file start.pdb (PDB, C-alpha atoms and all ligand atoms)
ATOM      1  CA  MET U   7     -49.324 -15.460 -31.298
ATOM      2  CA  LYS U   8     -51.730 -15.575 -34.224
ATOM      3  CA  GLN U   9     -50.659 -19.067 -35.265
ATOM      4  CA  VAL U  10     -51.369 -20.524 -31.839
ATOM      5  CA  ALA U  11     -54.787 -18.900 -31.670
ATOM      6  CA  SER U  12     -55.784 -20.118 -35.133
ATOM      7  CA  ALA U  13     -54.570 -23.682 -34.537
ATOM      8  CA  HIS U  14     -57.734 -24.454 -32.599
ATOM      9  CA  GLU U  15     -60.215 -22.447 -34.615
ATOM     10  CA  ASN U  16     -62.633 -23.919 -37.152
ATOM     11  CA  VAL U  17     -61.349 -27.470 -36.676
ATOM     12  CA  THR U  18     -63.396 -30.029 -38.607
ATOM     13  CA  ILE U  19     -63.274 -33.806 -38.875
ATOM     14  CA  ASP U  20     -61.482 -34.869 -42.046
ATOM     15  CA  TYR U  21     -63.881 -37.619 -43.219
ATOM     16  CA  PRO U  22     -62.081 -38.338 -46.529
ATOM     17  CA  ILE U  23     -58.856 -39.090 -44.633
ATOM     18  CA  ILE U  24     -60.672 -41.310 -42.120
ATOM     19  CA  LEU U  25     -62.340 -43.186 -44.978
ATOM     20  CA  TRP U  26     -59.010 -43.546 -46.795
ATOM     21  CA  MET U  27     -57.300 -44.895 -43.671
ATOM     22  CA  ALA U  28     -60.092 -47.435 -43.172
ATOM     23  CA  ILE U  29     -59.917 -48.550 -46.823
ATOM     24  CA  ILE U  30     -56.130 -48.881 -47.019
ATOM     25  CA  HIS U  31     -55.946 -50.802 -43.701
ATOM     26  CA  LEU U  32     -58.675 -53.185 -44.900
ATOM     27  CA  ALA U  33     -56.900 -53.564 -48.253
ATOM     28  CA  ALA U  34     -53.722 -54.571 -46.382
ATOM     29  CA  LEU U  35     -55.470 -57.406 -44.512
ATOM     30  CA  PRO U  36     -55.145 -60.073 -47.287
ATOM     31  CA  ALA U  37     -51.403 -59.994 -46.549
ATOM     32  CA  LEU U  38     -52.249 -62.001 -43.402
ATOM     33  CA  TRP U  39     -53.154 -65.101 -45.441
ATOM     34  CA  SER U  40     -50.815 -64.715 -48.414
ATOM     35  CA  PHE U  41     -47.360 -64.682 -46.815
ATOM     36  CA  SER U  42     -44.357 -65.767 -48.828
ATOM     37  CA  TRP U  43     -40.721 -64.718 -48.654
ATOM     38  CA  SER U  44     -40.882 -63.202 -52.127
ATOM     39  CA  ASN U  45     -43.962 -61.171 -51.116
ATOM     40  CA  LEU U  46     -42.163 -59.938 -47.994
ATOM     41  CA  GLY U  47     -39.069 -59.159 -50.070
ATOM     42  CA  LEU U  48     -41.206 -57.052 -52.409
ATOM     43  CA  THR U  49     -42.619 -55.120 -49.442
ATOM     44  CA  VAL U  50     -39.141 -54.446 -48.052
ATOM     45  CA  PHE U  51     -37.896 -53.377 -51.497
ATOM     46  CA  MET U  52     -40.859 -51.035 -52.027
ATOM     47  CA  TYR U  53     -40.471 -49.802 -48.454
ATOM     48  CA  PHE U  54     -36.868 -48.905 -49.247
ATOM     49  CA  ILE U  55     -37.858 -47.080 -52.458
ATOM     50  CA  THR U  56     -40.799 -45.141 -50.993
ATOM     51  CA  GLY U  57     -39.930 -44.977 -47.276
ATOM     52  CA  CYS U  58     -36.141 -44.628 -47.240
ATOM     53  CA  LEU U  59     -35.350 -42.929 -50.555
ATOM     54  CA  GLY U  60     -38.692 -41.121 -50.793
ATOM     55  CA  ILE U  61     -39.785 -40.040 -47.318
ATOM     56  CA  THR U  62     -36.754 -40.240 -45.044
ATOM     57  CA  MET U  63     -33.999 -39.148 -47.386
ATOM     58  CA  THR U  64     -35.913 -36.816 -49.687
ATOM     59  CA  TYR U  65     -39.110 -35.430 -48.109
ATOM     60  CA  HIS U  66     -37.336 -35.122 -44.748
ATOM     61  CA  ARG U  67     -33.588 -34.605 -44.975
ATOM     62  CA  LEU U  68     -33.423 -33.098 -48.481
ATOM     63  CA  LEU U  69     -36.616 -31.064 -48.983
ATOM     64  CA  THR U  70     -37.531 -30.131 -45.401
ATOM     65  CA  HIS U  71     -34.074 -29.502 -43.968
ATOM     66  CA  ARG U  72     -31.962 -29.008 -47.118
ATOM     67  CA  SER U  73     -29.157 -30.884 -45.398
ATOM     68  CA  PHE U  74     -27.556 -31.872 -48.741
ATOM     69  CA  LYS U  75     -28.066 -31.346 -52.459
ATOM     70  CA  VAL U  76     -28.582 -33.615 -55.467
ATOM     71  CA  PRO U  77     -29.099 -32.636 -59.114
ATOM     72  CA  LYS U  78     -32.638 -31.362 -59.730
ATOM     73  CA  TRP U  79     -33.567 -34.291 -62.023
ATOM     74  CA  LEU U  80     -32.593 -36.737 -59.275
ATOM     75  CA  GLU U  81     -34.403 -34.708 -56.607
ATOM     76  CA  TYR U  82     -37.561 -35.002 -58.730
ATOM     77  CA  ILE U  83     -37.155 -38.785 -59.121
ATOM     78  CA  PHE U  84     -36.640 -39.262 -55.372
ATOM     79  CA  THR U  85     -39.560 -36.943 -54.587
ATOM     80  CA  THR U  86     -41.760 -39.041 -56.874
ATOM     81  CA  CYS U  87     -40.714 -42.080 -54.789
ATOM     82  CA  GLY U  88     -41.883 -40.096 -51.729
ATOM     83  CA  ALA U  89     -45.228 -39.309 -53.370
ATOM     84  CA  LEU U  90     -45.727 -43.076 -53.778
ATOM     85  CA  ALA U  91     -45.841 -43.362 -49.959
ATOM     86  CA  LEU U  92     -49.113 -41.375 -50.069
ATOM     87  CA  GLN U  93     -48.192 -39.273 -47.045
ATOM     88  CA  GLY U  94     -49.406 -36.099 -48.719
ATOM     89  CA  SER U  95     -47.834 -33.776 -51.244
ATOM     90  CA  PRO U  96     -44.272 -32.508 -50.746
ATOM     91  CA  LEU U  97     -45.782 -29.130 -49.776
ATOM     92  CA  GLU U  98     -47.965 -30.633 -47.010
ATOM     93  CA  TRP U  99     -45.263 -32.939 -45.673
ATOM     94  CA  VAL U 100     -42.511 -30.336 -45.616
ATOM     95  CA  ALA U 101     -44.688 -27.573 -44.138
ATOM     96  CA  HIS U 102     -46.109 -29.814 -41.398
ATOM     97  CA  HIS U 103     -42.654 -31.061 -40.485
ATOM     98  CA  ARG U 104     -41.217 -27.558 -40.327
ATOM     99  CA  MET U 105     -44.120 -26.620 -38.039
ATOM    100  CA  HIS U 106     -43.176 -29.618 -35.876
ATOM    101  CA  HIS U 107     -39.630 -28.334 -35.496
ATOM    102  CA  ALA U 108     -40.770 -24.741 -35.037
ATOM    103  CA  GLY U 109     -42.676 -25.569 -31.871
ATOM    104  CA  SER U 110     -42.391 -29.254 -30.906
ATOM    105  CA  ASP U 111     -44.879 -30.294 -28.202
ATOM    106  CA  THR U 112     -46.734 -26.974 -28.491
ATOM    107  CA  ASP U 113     -49.770 -25.729 -30.396
ATOM    108  CA  ILE U 114     -47.556 -24.868 -33.356
ATOM    109  CA  ASP U 115     -46.834 -28.596 -33.777
ATOM    110  CA  PRO U 116     -49.495 -30.417 -35.898
ATOM    111  CA  HIS U 117     -48.711 -33.750 -34.168
ATOM    112  CA  ASN U 118     -48.062 -32.319 -30.725
ATOM    113  CA  ALA U 119     -46.737 -35.281 -28.696
ATOM    114  CA  SER U 120     -47.968 -33.795 -25.414
ATOM    115  CA  ARG U 121     -51.500 -34.742 -26.572
ATOM    116  CA  GLY U 122     -50.717 -38.453 -26.218
ATOM    117  CA  PHE U 123     -49.486 -41.436 -28.216
ATOM    118  CA  PHE U 124     -52.533 -41.920 -30.448
ATOM    119  CA  PHE U 125     -52.901 -38.250 -31.347
ATOM    120  CA  SER U 126     -49.241 -37.846 -32.346
ATOM    121  CA  HIS U 127     -49.225 -41.241 -34.104
ATOM    122  CA  MET U 128     -52.259 -40.887 -36.376
ATOM    123  CA  GLY U 129     -55.073 -39.053 -34.576
ATOM    124  CA  TRP U 130     -53.858 -35.676 -35.799
ATOM    125  CA  LEU U 131     -54.538 -36.722 -39.373
ATOM    126  CA  PHE U 132     -58.253 -37.094 -38.705
ATOM    127  CA  PHE U 133     -58.835 -33.359 -38.370
ATOM    128  CA  TYR U 134     -58.659 -30.491 -40.806
ATOM    129  CA  VAL U 135     -57.084 -27.633 -38.882
ATOM    130  CA  PRO U 136     -56.848 -24.395 -40.873
ATOM    131  CA  GLY U 137     -53.931 -23.266 -38.691
ATOM    132  CA  TYR U 138     -51.931 -26.221 -40.073
ATOM    133  CA  ASP U 139     -53.628 -27.271 -43.285
ATOM    134  CA  ASP U 140     -54.773 -24.111 -45.036
ATOM    135  CA  LYS U 141     -52.894 -23.707 -48.319
ATOM    136  CA  LYS U 142     -51.696 -20.231 -47.337
ATOM    137  CA  GLN U 143     -50.312 -21.588 -44.100
ATOM    138  CA  LEU U 144     -48.575 -24.481 -45.887
ATOM    139  CA  ARG U 145     -47.003 -22.088 -48.386
ATOM    140  CA  ARG U 146     -45.868 -19.835 -45.574
ATOM    141  CA  PHE U 147     -43.807 -22.653 -44.097
ATOM    142  CA  ALA U 148     -42.574 -24.064 -47.412
ATOM    143  CA  ARG U 149     -42.249 -21.259 -49.928
ATOM    144  CA  ASP U 150     -39.397 -23.034 -51.685
ATOM    145  CA  ILE U 151     -41.568 -26.112 -52.319
ATOM    146  CA  ALA U 152     -44.615 -24.061 -53.350
ATOM    147  CA  ALA U 153     -42.500 -22.199 -55.907
ATOM    148  CA  ASP U 154     -41.527 -25.394 -57.766
ATOM    149  CA  PRO U 155     -43.842 -26.297 -60.687
ATOM    150  CA  TYR U 156     -43.230 -30.064 -60.366
ATOM    151  CA  TYR U 157     -44.045 -30.030 -56.650
ATOM    152  CA  ARG U 158     -47.200 -28.037 -57.388
ATOM    153  CA  PHE U 159     -48.107 -30.789 -59.912
ATOM    154  CA  LEU U 160     -47.634 -33.394 -57.163
ATOM    155  CA  GLU U 161     -50.087 -31.457 -54.950
ATOM    156  CA  ARG U 162     -52.888 -32.800 -57.168
ATOM    157  CA  ILE U 163     -54.561 -35.772 -55.516
ATOM    158  CA  ASP U 164     -55.478 -37.264 -58.932
ATOM    159  CA  VAL U 165     -51.774 -37.280 -59.846
ATOM    160  CA  GLN U 166     -50.861 -38.998 -56.568
ATOM    161  CA  ILE U 167     -53.542 -41.643 -57.143
ATOM    162  CA  LEU U 168     -52.593 -42.198 -60.790
ATOM    163  CA  LEU U 169     -48.946 -42.758 -59.825
ATOM    164  CA  GLN U 170     -50.046 -45.430 -57.344
ATOM    165  CA  VAL U 171     -52.409 -47.055 -59.848
ATOM    166  CA  ALA U 172     -49.623 -47.185 -62.438
ATOM    167  CA  LEU U 173     -47.348 -48.905 -59.908
ATOM    168  CA  GLY U 174     -50.157 -51.290 -58.962
ATOM    169  CA  LEU U 175     -50.721 -52.253 -62.613
ATOM    170  CA  VAL U 176     -47.005 -52.974 -63.101
ATOM    171  CA  LEU U 177     -46.984 -55.176 -59.976
ATOM    172  CA  LEU U 178     -50.194 -56.916 -61.084
ATOM    173  CA  ALA U 179     -48.582 -57.775 -64.413
ATOM    174  CA  ILE U 180     -45.442 -59.111 -62.731
ATOM    175  CA  GLY U 181     -46.813 -61.070 -59.776
ATOM    176  CA  GLY U 182     -50.620 -60.991 -59.728
ATOM    177  CA  TRP U 183     -52.883 -59.659 -56.958
ATOM    178  CA  GLU U 184     -50.542 -60.802 -54.148
ATOM    179  CA  TYR U 185     -47.904 -58.400 -55.436
ATOM    180  CA  VAL U 186     -50.491 -55.611 -55.438
ATOM    181  CA  VAL U 187     -51.366 -56.344 -51.791
ATOM    182  CA  TRP U 188     -47.764 -56.658 -50.587
ATOM    183  CA  GLY U 189     -46.266 -53.996 -52.856
ATOM    184  CA  VAL U 190     -49.038 -51.416 -52.539
ATOM    185  CA  SER U 191     -51.622 -51.655 -49.727
ATOM    186  CA  PHE U 192     -49.655 -53.600 -47.084
ATOM    187  CA  ARG U 193     -46.500 -51.616 -47.900
ATOM    188  CA  ILE U 194     -48.338 -48.267 -47.630
ATOM    189  CA  VAL U 195     -49.750 -49.215 -44.212
ATOM    190  CA  ALA U 196     -46.368 -50.493 -42.981
ATOM    191  CA  VAL U 197     -44.610 -47.294 -44.075
ATOM    192  CA  TYR U 198     -47.373 -45.197 -42.502
ATOM    193  CA  HIS U 199     -47.025 -46.755 -39.069
ATOM    194  CA  CYS U 200     -43.226 -46.814 -39.117
ATOM    195  CA  THR U 201     -43.116 -43.121 -40.108
ATOM    196  CA  TRP U 202     -45.734 -42.238 -37.491
ATOM    197  CA  LEU U 203     -43.703 -43.996 -34.768
ATOM    198  CA  VAL U 204     -41.127 -41.217 -35.140
ATOM    199  CA  ASN U 205     -43.787 -38.697 -34.097
ATOM    200  CA  SER U 206     -45.260 -40.885 -31.349
ATOM    201  CA  ALA U 207     -42.834 -43.455 -29.864
ATOM    202  CA  ALA U 208     -39.688 -41.389 -30.469
ATOM    203  CA  HIS U 209     -41.294 -38.558 -28.494
ATOM    204  CA  ILE U 210     -42.004 -40.871 -25.523
ATOM    205  CA  TRP U 211     -39.522 -43.730 -25.147
ATOM    206  CA  GLY U 212     -35.745 -43.727 -25.469
ATOM    207  CA  TYR U 213     -32.637 -41.921 -24.330
ATOM    208  CA  THR U 214     -31.227 -38.489 -25.041
ATOM    209  CA  ASN U 215     -27.784 -37.426 -26.206
ATOM    210  CA  TYR U 216     -28.702 -33.739 -26.172
ATOM    211  CA  ASP U 217     -30.449 -31.502 -23.724
ATOM    212  CA  VAL U 218     -33.259 -30.131 -25.883
ATOM    213  CA  SER U 219     -36.418 -28.295 -24.880
ATOM    214  CA  ASP U 220     -38.815 -30.933 -26.270
ATOM    215  CA  SER U 221     -39.691 -34.587 -25.653
ATOM    216  CA  SER U 222     -37.675 -36.075 -28.560
ATOM    217  CA  LYS U 223     -35.869 -39.348 -27.790
ATOM    218  CA  ASN U 224     -33.404 -41.698 -29.457
ATOM    219  CA  ASN U 225     -35.247 -44.992 -29.928
ATOM    220  CA  TRP U 226     -33.259 -47.884 -31.439
ATOM    221  CA  LEU U 227     -36.305 -49.880 -32.533
ATOM    222  CA  VAL U 228     -37.827 -46.905 -34.347
ATOM    223  CA  ALA U 229     -34.408 -46.192 -35.880
ATOM    224  CA  LEU U 230     -34.245 -49.742 -37.252
ATOM    225  CA  LEU U 231     -37.784 -49.496 -38.626
ATOM    226  CA  THR U 232     -37.244 -46.082 -40.242
ATOM    227  CA  TRP U 233     -33.783 -46.283 -41.803
ATOM    228  CA  GLY U 234     -32.263 -44.151 -39.034
ATOM    229  CA  GLU U 235     -34.988 -41.625 -38.256
ATOM    230  CA  GLY U 236     -35.484 -42.994 -34.738
ATOM    231  CA  TRP U 237     -32.366 -41.156 -33.502
ATOM    232  CA  HIS U 238     -34.832 -38.363 -33.031
ATOM    233  CA  ASN U 239     -33.286 -36.543 -30.090
ATOM    234  CA  ASN U 240     -30.116 -36.123 -32.155
ATOM    235  CA  HIS U 241     -32.239 -34.804 -34.993
ATOM    236  CA  HIS U 242     -34.122 -32.313 -32.839
ATOM    237  CA  ALA U 243     -30.812 -31.070 -31.439
ATOM    238  CA  HIS U 244     -29.223 -30.676 -34.871
ATOM    239  CA  GLY U 245     -32.056 -30.615 -37.382
ATOM    240  CA  SER U 246     -30.175 -29.018 -40.230
ATOM    241  CA  VAL U 247     -27.500 -31.725 -40.573
ATOM    242  CA  ALA U 248     -27.796 -34.829 -42.737
ATOM    243  CA  GLU U 249     -26.949 -37.398 -40.041
ATOM    244  CA  ALA U 250     -29.539 -38.658 -37.557
ATOM    245  CA  GLY U 251     -27.176 -41.172 -35.939
ATOM    246  CA  HIS U 252     -24.377 -39.339 -34.117
ATOM    247  CA  LYS U 253     -22.636 -42.205 -32.266
ATOM    248  CA  TRP U 254     -20.792 -44.914 -34.178
ATOM    249  CA  TRP U 255     -23.335 -47.522 -33.122
ATOM    250  CA  GLU U 256     -26.398 -45.436 -34.013
ATOM    251  CA  LEU U 257     -27.089 -47.148 -37.351
ATOM    252  CA  ASP U 258     -28.347 -44.627 -39.891
ATOM    253  CA  ILE U 259     -28.974 -46.417 -43.183
ATOM    254  CA  THR U 260     -30.308 -43.262 -44.849
ATOM    255  CA  MET U 261     -27.050 -41.457 -44.129
ATOM    256  CA  ASN U 262     -25.156 -44.342 -45.727
ATOM    257  CA  VAL U 263     -27.296 -43.954 -48.851
ATOM    258  CA  ILE U 264     -26.416 -40.234 -48.894
ATOM    259  CA  ARG U 265     -22.709 -41.143 -48.521
ATOM    260  CA  LEU U 266     -23.074 -43.575 -51.437
ATOM    261  CA  LEU U 267     -24.638 -40.805 -53.540
ATOM    262  CA  LYS U 268     -21.681 -38.621 -52.613
ATOM    263  CA  LEU U 269     -19.259 -41.335 -53.749
ATOM    264  CA  LEU U 270     -21.117 -41.437 -57.060
ATOM    265  CA  GLY U 271     -20.754 -37.674 -57.341
ATOM    266  CA  LEU U 272     -24.508 -37.169 -56.979
ATOM    267  CA  ALA U 273     -24.785 -35.706 -53.456
ATOM    268  CA  THR U 274     -23.005 -32.459 -52.607
ATOM    269  CA  ASP U 275     -23.012 -29.784 -49.893
ATOM    270  CA  ILE U 276     -23.698 -32.347 -47.166
ATOM    271  CA  LYS U 277     -24.138 -30.594 -43.830
ATOM    272  CA  SER U 278     -22.547 -32.680 -41.089
ATOM    273  CA  PHE U 279     -22.850 -32.374 -37.327
ATOM    274  CA  ARG U 280     -19.067 -32.858 -37.240
ATOM    275  CA  ASP U 281     -18.712 -29.414 -38.843
ATOM    276  CA  LEU U 282     -20.796 -27.650 -36.203
ATOM    277  CA  PRO U 283     -18.937 -25.466 -33.712
ATOM    278  CA  ARG U 284     -18.429 -27.521 -30.559
ATOM    279  CA  GLU U 285     -19.932 -24.957 -28.263
ATOM    280  CA  GLU U 286     -23.022 -24.532 -30.420
ATOM    281  CA  ASN U 287     -26.132 -24.586 -28.345
ATOM    282  CA  ALA U 288     -28.089 -27.764 -29.060
ATOM    283  CA  VAL U 289     -31.488 -26.146 -28.804
ATOM    284  CA  ALA U 290     -30.647 -23.069 -30.814
ATOM    285  CA  SER U 291     -29.189 -25.184 -33.580
ATOM    286  CA  ALA U 292     -32.276 -27.339 -33.953
ATOM    287  CA  SER U 293     -34.042 -25.533 -36.769
ATOM    288  CA  GLY U 294     -34.732 -22.042 -35.651
ATOM    289  CA  THR U 295     -37.182 -20.783 -33.085
ATOM    290  CA  ALA U 296     -40.909 -20.643 -33.546
ATOM    291  CA  ALA U 297     -40.769 -16.869 -33.660
ATOM    292  CA  GLU U 298     -38.240 -17.006 -36.494
ATOM    293  CA  PHE U 299     -40.462 -19.364 -38.451
ATOM    294  CA  LEU U 300     -43.535 -17.279 -37.924
ATOM    295  CA  ALA U 301     -41.670 -14.194 -39.003
ATOM    296  CA  ASN U 302     -40.610 -16.124 -42.108
ATOM    297  CA  LYS U 303     -37.009 -15.417 -41.352
ATOM    298  CA  ARG U 304     -35.953 -18.986 -41.930
ATOM    299  CA  ASP U 305     -37.021 -21.729 -44.304
ATOM    300  CA  ILE U 306     -35.756 -24.714 -42.395
TER     301      ILE U 306
HETATM  302 ZN    ZN K 401     -40.018 -34.811 -33.489
HETATM  303 ZN    ZN K 402     -36.881 -33.014 -39.139
END
call {"tool": "encode", "arguments": {"input": "start.pdb", "output": "structure tokens", "more": "lines below"}}
Ligand SMILES: [Zn+2]
Ligand SMILES: [Zn+2]
result
Amino acid sequence: MKQVASAHENVTIDYPIILWMAIIHLAALPALWSFSWSNLGLTVFMYFITGCLGITMTYHRLLTHRSFKVPKWLEYIFTTCGALALQGSPLEWVAHHRMHHAGSDTDIDPHNASRGFFFSHMGWLFFYVPGYDDKKQLRRFARDIAADPYYRFLERIDVQILLQVALGLVLLAIGGWEYVVWGVSFRIVAVYHCTWLVNSAAHIWGYTNYDVSDSSKNNWLVALLTWGEGWHNNHHAHGSVAEAGHKWWELDITMNVIRLLKLLGLATDIKSFRDLPREENAVASASGTAAEFLANKRDI
């Protein structure tokens, strides 16, 4: 398979990303000696805006899997919240995640969990791999995102930085430098590691509800930290549906936000695992096979 062969060709160390990770982790450190409940509350609030509404609900369940719909203007607002998490442009995030589903734990998967905890957690970010990161390859896996002018605008790194600076200035005006630390740098690092735990911990520790062909697990701690994303075995089994929690006790806060949007008349066409045919094969329903992805037969 061409994709597999190219995944390990011309790999280079991504020094700008390594430098960025060092800077943002250092910039989060002042949180250690400036704790207050209002600072923590700001972090949780900003985590909800950027991590839950932005990454989990929008980058993941809406843009990557198209498991429900919202009006375009609202999709753009939520996607902007996702861009504030600084986890890459919508194009990069969506394409990498579709690659992950196309061949979890294989060379098609950018954060292949079979390469160990650290690699799948953050190590994979330290390399530029043309097989995953080349613009053509990203567009191949996310044509719908690449075709959208606003999402192409968000691909610009200067735009992503300016959005963050604008937020930082607002927080500085409201609560001084402590708000900038807790609402920007510490929050970004916290959201990073919680998101990354889905790729690392939830591919190692936990239980399974479905017999899938990859290492995905349901991990309650990761689910609590990621607004429901930790029910990852459920998600790998039924990737195209909006719910990650499938049992009544598998708390899925993101799904409750989607239900609230539905009540408000803002979310429609919600795909539910309850609507799937009972006999549907868990593996086949995940998100399509790698071959289908590579043949561009499916977008999710
Ligand atoms: Zn996974
Ligand atoms: Zn997914």
call {"tool": "closest_atom_pairs", "arguments": {"input": "start.pdb", "of": "chain U", "to": "ligand ZN 401 (chain K)", "cutoff": "10 Å", "atoms": "all atoms listed in the file", "output": "Markdown table"}}
result
| residue | atom | partner | partner_atom | distance |
| --- | --- | --- | --- | --- |
| U:His103 | CA | K:ZN401 | ZN | 8.4 |
| U:His106 | CA | K:ZN401 | ZN | 6.5 |
| U:His107 | CA | K:ZN401 | ZN | 6.8 |
| U:Gly109 | CA | K:ZN401 | ZN | 9.8 |
| U:Ser110 | CA | K:ZN401 | ZN | 6.6 |
| U:Asp111 | CA | K:ZN401 | ZN | 8.5 |
| U:Asp115 | CA | K:ZN401 | ZN | 9.2 |
| U:His117 | CA | K:ZN401 | ZN | 8.8 |
| U:Asn118 | CA | K:ZN401 | ZN | 8.9 |
| U:Ala119 | CA | K:ZN401 | ZN | 8.3 |
| U:Ser126 | CA | K:ZN401 | ZN | 9.8 |
| U:Leu203 | CA | K:ZN401 | ZN | 10.0 |
| U:Val204 | CA | K:ZN401 | ZN | 6.7 |
| U:Asn205 | CA | K:ZN401 | ZN | 5.4 |
| U:Ser206 | CA | K:ZN401 | ZN | 8.3 |
| U:Ala207 | CA | K:ZN401 | ZN | 9.8 |
| U:Ala208 | CA | K:ZN401 | ZN | 7.2 |
| U:His209 | CA | K:ZN401 | ZN | 6.4 |
| U:Asp220 | CA | K:ZN401 | ZN | 8.3 |
| U:Ser221 | CA | K:ZN401 | ZN | 7.8 |
| U:Ser222 | CA | K:ZN401 | ZN | 5.6 |
| U:Lys223 | CA | K:ZN401 | ZN | 8.4 |
| U:Glu235 | CA | K:ZN401 | ZN | 9.7 |
| U:Gly236 | CA | K:ZN401 | ZN | 9.4 |
| U:Trp237 | CA | K:ZN401 | ZN | 9.9 |
| U:His238 | CA | K:ZN401 | ZN | 6.3 |
| U:Asn239 | CA | K:ZN401 | ZN | 7.7 |
| U:His241 | CA | K:ZN401 | ZN | 7.9 |
| U:His242 | CA | K:ZN401 | ZN | 6.4 |
| U:Gly245 | CA | K:ZN401 | ZN | 9.8 |
call {"tool": "atom_distance", "arguments": {"input": "start.pdb", "atom1": "CA of Ser191 (chain U)", "atom2": "CA of Leu38 (chain U)"}}
result
12.1 Å
call {"tool": "atom_distance", "arguments": {"input": "start.pdb", "atom1": "CA of Phe123 (chain U)", "atom2": "CA of Leu97 (chain U)"}}
result
25.1 Å
call {"tool": "atom_distance", "arguments": {"input": "start.pdb", "atom1": "CA of Tyr65 (chain U)", "atom2": "CA of Ile259 (chain U)"}}
result
15.7 Å
call {"tool": "residues_around", "arguments": {"input": "start.pdb", "residues": "Ile23 (chain U)", "least_positions_apart": "6", "cutoff": "10 Å", "atoms": "only C-alpha atoms", "output": "PyMOL selection string"}}
result
chain U and resi 29+131-134
call {"tool": "write_last_selection", "arguments": {"input": "start.pdb", "atoms": "C-alpha atoms", "output": "PDB file, in the frame of the given file"}}
result
ATOM      1  CA  ILE U  29     -59.917 -48.550 -46.823  1.00  0.00           C
ATOM      2  CA  LEU U 131     -54.538 -36.722 -39.373  1.00  0.00           C
ATOM      3  CA  PHE U 132     -58.253 -37.094 -38.705  1.00  0.00           C
ATOM      4  CA  PHE U 133     -58.835 -33.359 -38.370  1.00  0.00           C
ATOM      5  CA  TYR U 134     -58.659 -30.491 -40.806  1.00  0.00           C
TER       6      TYR U 134
END
call {"tool": "closest_residue", "arguments": {"input": "start.pdb", "among": "U:Thr18, U:Asn45, U:Ala243, U:Met27", "to": "Gly181 (chain U)", "atoms": "all atoms listed in the file"}}
result
U:Asn45
call {"tool": "residues_around", "arguments": {"input": "start.pdb", "residues": "Arg158 (chain U)", "least_positions_apart": "6", "cutoff": "10 Å", "atoms": "only C-alpha atoms", "output": "ChimeraX atom specification"}}
result
/U:95-97,151-152
call {"tool": "axis_aligned_box", "arguments": {"input": "start.pdb", "around": "region 56-68 of chain U", "padding_each_side": "3 Å", "output": "AutoDock Vina command-line options"}}
result
--center_x -37.1 --center_y -39.1 --center_z -47.9 --size_x 13.4 --size_y 18.0 --size_z 12.2
call {"tool": "closest_residue", "arguments": {"input": "start.pdb", "among": "U:Ser73, U:Ser219, U:Gln93, U:Thr274", "to": "Thr112 (chain U)", "atoms": "all atoms listed in the file"}}
result
U:Ser219
call {"tool": "residues_near_point", "arguments": {"input": "start.pdb", "point": "(-29.2, -38.7, -42.0)", "cutoff": "10 Å", "atoms": "all atoms listed in the file", "output": "PDB file with C-alpha atoms, in the frame of the given file"}}
result
ATOM      1  CA  THR U  62     -36.754 -40.240 -45.044  1.00  0.00           C
ATOM      2  CA  MET U  63     -33.999 -39.148 -47.386  1.00  0.00           C
ATOM      3  CA  HIS U  66     -37.336 -35.122 -44.748  1.00  0.00           C
ATOM      4  CA  ARG U  67     -33.588 -34.605 -44.975  1.00  0.00           C
ATOM      5  CA  LEU U  68     -33.423 -33.098 -48.481  1.00  0.00           C
ATOM      6  CA  SER U  73     -29.157 -30.884 -45.398  1.00  0.00           C
ATOM      7  CA  PHE U  74     -27.556 -31.872 -48.741  1.00  0.00           C
ATOM      8  CA  TRP U 233     -33.783 -46.283 -41.803  1.00  0.00           C
ATOM      9  CA  GLY U 234     -32.263 -44.151 -39.034  1.00  0.00           C
ATOM     10  CA  GLU U 235     -34.988 -41.625 -38.256  1.00  0.00           C
ATOM     11  CA  TRP U 237     -32.366 -41.156 -33.502  1.00  0.00           C
ATOM     12  CA  HIS U 241     -32.239 -34.804 -34.993  1.00  0.00           C
ATOM     13  CA  GLY U 245     -32.056 -30.615 -37.382  1.00  0.00           C
ATOM     14  CA  SER U 246     -30.175 -29.018 -40.230  1.00  0.00           C
ATOM     15  CA  VAL U 247     -27.500 -31.725 -40.573  1.00  0.00           C
ATOM     16  CA  ALA U 248     -27.796 -34.829 -42.737  1.00  0.00           C
ATOM     17  CA  GLU U 249     -26.949 -37.398 -40.041  1.00  0.00           C
ATOM     18  CA  ALA U 250     -29.539 -38.658 -37.557  1.00  0.00           C
ATOM     19  CA  GLY U 251     -27.176 -41.172 -35.939  1.00  0.00           C
ATOM     20  CA  HIS U 252     -24.377 -39.339 -34.117  1.00  0.00           C
ATOM     21  CA  LEU U 257     -27.089 -47.148 -37.351  1.00  0.00           C
ATOM     22  CA  ASP U 258     -28.347 -44.627 -39.891  1.00  0.00           C
ATOM     23  CA  ILE U 259     -28.974 -46.417 -43.183  1.00  0.00           C
ATOM     24  CA  THR U 260     -30.308 -43.262 -44.849  1.00  0.00           C
ATOM     25  CA  MET U 261     -27.050 -41.457 -44.129  1.00  0.00           C
ATOM     26  CA  ASN U 262     -25.156 -44.342 -45.727  1.00  0.00           C
ATOM     27  CA  VAL U 263     -27.296 -43.954 -48.851  1.00  0.00           C
ATOM     28  CA  ILE U 264     -26.416 -40.234 -48.894  1.00  0.00           C
ATOM     29  CA  ARG U 265     -22.709 -41.143 -48.521  1.00  0.00           C
ATOM     30  CA  ILE U 276     -23.698 -32.347 -47.166  1.00  0.00           C
ATOM     31  CA  LYS U 277     -24.138 -30.594 -43.830  1.00  0.00           C
ATOM     32  CA  SER U 278     -22.547 -32.680 -41.089  1.00  0.00           C
TER      33      SER U 278
END
call {"tool": "resolve_selection", "arguments": {"input": "start.pdb", "expression": "the PyMOL selection byres (((chain U and resi 192) around 12) and not hetatm)", "output": "PyMOL selection string"}}
result
chain U and resi 29-38+40-41+45-46+48-50+52-53+91+184-191+193-199
